[in-house]
$ cat upload-v2.cif   # mmCIF, C-alpha atoms
data_model
#
loop_
_atom_site.label_atom_id
_atom_site.label_comp_id
_atom_site.auth_asym_id
_atom_site.auth_seq_id
_atom_site.Cartn_x
_atom_site.Cartn_y
_atom_site.Cartn_z
CA VAL A 6 13.53 -26.60 6.65
CA ALA A 7 15.15 -25.17 9.78
CA ALA A 8 11.86 -25.40 11.65
CA ALA A 9 11.27 -28.98 10.53
CA ALA A 10 14.74 -30.07 11.67
CA THR A 11 14.01 -29.09 15.25
CA ASP A 12 10.25 -29.75 15.32
CA VAL A 13 9.46 -31.90 18.36
CA MET A 14 6.14 -32.96 16.82
CA PHE A 15 7.54 -33.59 13.32
CA SER A 16 5.15 -35.54 11.13
CA PRO A 17 6.05 -36.42 7.53
CA GLU A 18 2.35 -36.49 6.68
CA GLY A 19 1.85 -33.04 8.21
CA TYR A 20 4.76 -31.56 6.30
CA PHE A 21 3.53 -33.24 3.12
CA TRP A 22 0.13 -31.57 3.47
CA MET A 23 1.77 -28.27 4.38
CA SER A 24 3.84 -28.51 1.18
CA MET A 25 0.73 -29.36 -0.84
CA ASN A 26 -0.99 -26.30 0.66
CA CYS A 27 1.96 -24.10 -0.36
CA CYS A 28 1.90 -25.48 -3.92
CA ALA A 29 -1.89 -25.11 -4.22
CA THR A 30 -1.77 -21.55 -2.86
CA ALA A 31 1.04 -20.56 -5.23
CA SER A 32 -0.83 -22.09 -8.18
CA TYR A 33 -4.04 -20.32 -7.18
CA VAL A 34 -2.31 -16.94 -6.84
CA LEU A 35 -0.59 -17.29 -10.22
CA TYR A 36 -3.85 -18.37 -11.87
CA MET A 37 -5.77 -15.49 -10.29
CA LYS A 38 -3.09 -13.04 -11.42
CA SER A 39 -3.55 -14.31 -14.98
CA ALA A 40 -7.34 -14.42 -14.71
CA THR A 41 -7.62 -10.84 -13.48
CA LYS A 42 -5.90 -9.70 -16.66
CA ASN A 43 -7.59 -12.01 -19.17
CA ILE A 44 -11.20 -12.43 -17.99
CA GLU A 45 -13.64 -9.62 -18.69
CA LEU A 46 -15.45 -9.59 -15.35
CA SER A 47 -15.53 -7.11 -12.52
CA LYS A 48 -13.65 -8.05 -9.37
CA PHE A 49 -16.99 -8.46 -7.60
CA GLY A 50 -18.13 -10.86 -10.35
CA MET A 51 -14.88 -12.81 -10.17
CA VAL A 52 -15.22 -13.25 -6.40
CA TYR A 53 -18.85 -14.29 -6.81
CA TYR A 54 -18.00 -16.95 -9.40
CA ASN A 55 -14.92 -18.05 -7.46
CA ASN A 56 -17.09 -18.71 -4.41
CA LEU A 57 -19.87 -20.25 -6.49
CA LEU A 58 -17.46 -22.64 -8.23
CA SER A 59 -16.08 -23.80 -4.87
CA ILE A 60 -19.46 -25.34 -3.94
CA PRO A 61 -19.15 -28.43 -6.19
CA LEU A 62 -15.69 -29.04 -4.72
CA LEU A 63 -16.86 -28.73 -1.11
CA VAL A 64 -20.16 -30.67 -1.22
CA PRO A 65 -18.52 -34.14 -1.59
CA PHE A 66 -16.29 -33.40 1.39
CA ALA A 67 -19.27 -32.22 3.41
CA PHE A 68 -21.07 -35.50 2.65
CA SER A 69 -18.04 -37.68 3.37
CA PHE A 70 -17.34 -36.00 6.73
CA GLY A 71 -20.97 -36.13 7.84
CA GLU A 72 -21.66 -32.40 7.85
CA PHE A 73 -25.16 -32.78 6.38
CA ALA A 74 -26.07 -35.39 9.00
CA THR A 75 -24.86 -33.03 11.72
CA ILE A 76 -26.99 -30.22 10.32
CA SER A 77 -30.10 -32.41 10.14
CA ASN A 78 -29.55 -33.60 13.74
CA THR A 79 -29.21 -30.05 15.08
CA MET A 80 -31.91 -28.17 13.16
CA GLU A 81 -33.01 -26.25 16.28
CA VAL A 82 -29.55 -24.67 16.44
CA VAL A 83 -29.24 -24.12 12.68
CA THR A 84 -32.58 -22.30 12.51
CA ASP A 85 -31.81 -20.06 15.50
CA PRO A 86 -31.79 -16.38 14.42
CA MET A 87 -28.50 -15.73 16.23
CA PHE A 88 -26.83 -18.66 14.43
CA ILE A 89 -28.15 -17.42 11.08
CA SER A 90 -27.01 -13.83 11.70
CA ILE A 91 -23.52 -14.95 12.82
CA ASN A 92 -23.20 -17.11 9.70
CA LEU A 93 -24.31 -14.22 7.50
CA VAL A 94 -21.67 -11.98 9.08
CA ALA A 95 -19.00 -14.70 8.73
CA GLY A 96 -19.98 -15.35 5.10
CA SER A 97 -19.90 -11.64 4.31
CA MET A 98 -16.49 -11.28 5.92
CA GLY A 99 -15.21 -14.22 3.87
CA PHE A 100 -16.62 -12.69 0.69
CA PHE A 101 -14.96 -9.32 1.33
CA LEU A 102 -11.71 -10.99 2.38
CA ASN A 103 -11.75 -12.83 -0.95
CA LEU A 104 -12.46 -9.54 -2.71
CA ALA A 105 -9.54 -7.85 -0.94
CA SER A 106 -7.28 -10.79 -1.75
CA LEU A 107 -8.23 -10.64 -5.43
CA TRP A 108 -7.61 -6.90 -5.48
CA CYS A 109 -4.14 -7.44 -3.93
CA VAL A 110 -3.28 -10.15 -6.46
CA SER A 111 -4.31 -7.92 -9.35
CA SER A 112 -2.49 -4.86 -7.97
CA THR A 113 0.81 -6.46 -6.98
CA SER A 114 3.09 -9.23 -8.12
CA ALA A 115 2.61 -12.80 -6.95
CA THR A 116 5.89 -12.51 -5.04
CA THR A 117 4.71 -9.43 -3.15
CA TYR A 118 1.41 -11.13 -2.36
CA ALA A 119 3.22 -14.20 -1.02
CA LEU A 120 5.61 -12.06 1.02
CA VAL A 121 2.75 -10.11 2.59
CA GLY A 122 1.07 -13.43 3.35
CA SER A 123 4.09 -14.62 5.28
CA VAL A 124 5.10 -11.34 6.93
CA ASN A 125 1.58 -10.79 8.28
CA LYS A 126 2.20 -13.76 10.58
CA ILE A 127 4.60 -11.61 12.64
CA PRO A 128 1.89 -9.44 14.24
CA VAL A 129 -0.22 -12.57 14.74
CA SER A 130 2.68 -14.14 16.68
CA LEU A 131 3.11 -11.01 18.75
CA LEU A 132 -0.64 -10.84 19.43
CA GLY A 133 -0.44 -14.44 20.63
CA VAL A 134 2.20 -13.41 23.16
CA TRP A 135 0.19 -10.41 24.29
CA LEU A 136 -3.30 -11.96 24.40
CA PHE A 137 -2.57 -15.58 25.32
CA GLN A 138 0.82 -15.34 27.04
CA THR A 139 2.33 -17.63 24.41
CA VAL A 140 6.03 -18.18 24.95
CA ILE A 141 8.32 -17.27 22.07
CA THR A 142 11.42 -19.43 22.15
CA ALA A 143 14.82 -18.18 21.06
CA GLN A 144 14.38 -20.16 17.87
CA GLY A 145 10.92 -18.66 17.26
CA ALA A 146 12.29 -15.17 17.89
CA SER A 147 15.07 -15.78 15.38
CA TYR A 148 12.49 -16.87 12.77
CA ILE A 149 10.49 -13.69 13.42
CA ILE A 150 13.64 -11.59 13.03
CA ILE A 151 14.58 -13.41 9.80
CA SER A 152 11.05 -12.81 8.44
CA MET A 153 11.21 -9.14 9.34
CA CYS A 154 14.64 -8.76 7.74
CA GLY A 155 13.38 -10.52 4.60
CA GLY A 156 10.42 -8.15 4.45
CA PHE A 157 12.66 -5.11 4.90
CA ILE A 158 15.12 -6.29 2.25
CA TYR A 159 12.31 -7.02 -0.22
CA SER A 160 10.73 -3.61 0.42
CA TYR A 161 14.09 -1.88 -0.01
CA VAL A 162 14.77 -3.66 -3.31
CA LYS A 163 11.27 -2.81 -4.61
CA LEU A 164 11.75 0.86 -3.65
CA GLN A 165 15.12 0.95 -5.43
CA GLU A 166 13.53 -0.60 -8.55
CA ALA A 167 10.75 1.98 -8.47
CA ARG A 168 13.23 4.85 -8.15
CA ALA A 169 15.31 3.51 -11.04
CA ARG A 170 12.28 3.63 -13.36
#

$ encode --input "upload-v2.cif" --output "structure tokens"
Amino acid sequence: VAAAATDVMFSPEGYFWMSMNCCATASYVLYMKSATKNIELSKFGMVYYNNLLSIPLLVPFAFSFGEFATISNTMEVVTDPMFISINLVAGSMGFFLNLASLWCVSSTSATTYALVGSVNKIPVSLLGVWLFQTVITAQGASYIIISMCGGFIYSYVKLQEARAR
């Protein structure tokens, strides 16, 4: 809310879709937490079926945005061995990232998973400064500090809970 109030490029549509993304992600994480406990599949099998079931959802979008036409018009690029090998590496990385994400969801609470998802943006911001000379404003720095403090407080509370047990 604080970021939206001072956002120079504020767009109600953009913030609507950002909110929808947050709701969809939270729903997905909660469902996956439940599914990892109730479905008798290995984590590898769950990731495989998760990726397989995403295909029917993605194909209509690929058609509507002209992806298949683009592929058919650039077959010499698509059949290039370097393109194929890069796509295999990218697909494998996505698969293992999904596997790691599922393992995290099953091993931690949904709150911890969400917190890690937001706190991991701090090193990304700092890498942006280091690699691309991105300027961090005073407001951006305060948001980073607030995120770090939130992460520290959450970690402290979780450690105290663990010690009490």

$ residues_around --input "upload-v2.cif" --residues "A:Thr116" --least-positions-apart "6" --cutoff "12 Å" --atoms "only C-alpha atoms" --output "compact mmCIF listing (two decimals) with C-alpha atoms, in the coordinates of the input"
# COMPACT_ATOMS: atom_id res chain seq x y z
CA ALA A 31 1.04 -20.56 -5.23
CA VAL A 34 -2.31 -16.94 -6.84
CA LEU A 35 -0.59 -17.29 -10.22
CA LYS A 38 -3.09 -13.04 -11.42
CA CYS A 109 -4.14 -7.44 -3.93
CA VAL A 110 -3.28 -10.15 -6.46
CA GLY A 122 1.07 -13.43 3.35
CA SER A 123 4.09 -14.62 5.28
CA GLY A 156 10.42 -8.15 4.45
CA TYR A 159 12.31 -7.02 -0.22
CA SER A 160 10.73 -3.61 0.42
CA LYS A 163 11.27 -2.81 -4.61

$ atom_distance --input "upload-v2.cif" --atom1 "atom CA of A:Tyr36" --atom2 "atom CA of A:Asn125"
22.2 Å

$ residues_around --input "upload-v2.cif" --residues "A:Gly145" --least-positions-apart "4" --cutoff "12 Å" --atoms "all atoms listed in the file" --output "JSON, numbers by chain"
{"A": [7, 8, 11, 12, 127, 130, 131, 134, 139, 140, 141, 149, 150, 151, 152]}

$ write_last_selection --input "upload-v2.cif" --atoms "C-alpha atoms" --output "PDB file, in the frame of the given file"
ATOM      1  CA  ALA A   7      15.150 -25.170   9.780  1.00  0.00           C
ATOM      2  CA  ALA A   8      11.860 -25.400  11.650  1.00  0.00           C
ATOM      3  CA  THR A  11      14.010 -29.090  15.250  1.00  0.00           C
ATOM      4  CA  ASP A  12      10.250 -29.750  15.320  1.00  0.00           C
ATOM      5  CA  ILE A 127       4.600 -11.610  12.640  1.00  0.00           C
ATOM      6  CA  SER A 130       2.680 -14.140  16.680  1.00  0.00           C
ATOM      7  CA  LEU A 131       3.110 -11.010  18.750  1.00  0.00           C
ATOM      8  CA  VAL A 134       2.200 -13.410  23.160  1.00  0.00           C
ATOM      9  CA  THR A 139       2.330 -17.630  24.410  1.00  0.00           C
ATOM     10  CA  VAL A 140       6.030 -18.180  24.950  1.00  0.00           C
ATOM     11  CA  ILE A 141       8.320 -17.270  22.070  1.00  0.00           C
ATOM     12  CA  ILE A 149      10.490 -13.690  13.420  1.00  0.00           C
ATOM     13  CA  ILE A 150      13.640 -11.590  13.030  1.00  0.00           C
ATOM     14  CA  ILE A 151      14.580 -13.410   9.800  1.00  0.00           C
ATOM     15  CA  SER A 152      11.050 -12.810   8.440  1.00  0.00           C
TER      16      SER A 152
END

$ residues_around --input "upload-v2.cif" --residues "A:Asn55" --least-positions-apart "4" --cutoff "10 Å" --atoms "only C-alpha atoms" --output "ChimeraX atom specification"
/A:37,49-51,59-60,100,103

$ closest_residue --input "upload-v2.cif" --among "A:Ala74, A:Ala29, A:Val124, A:Ala40" --to "A:Ser111" --atoms "all atoms listed in the file"
A:Ala40
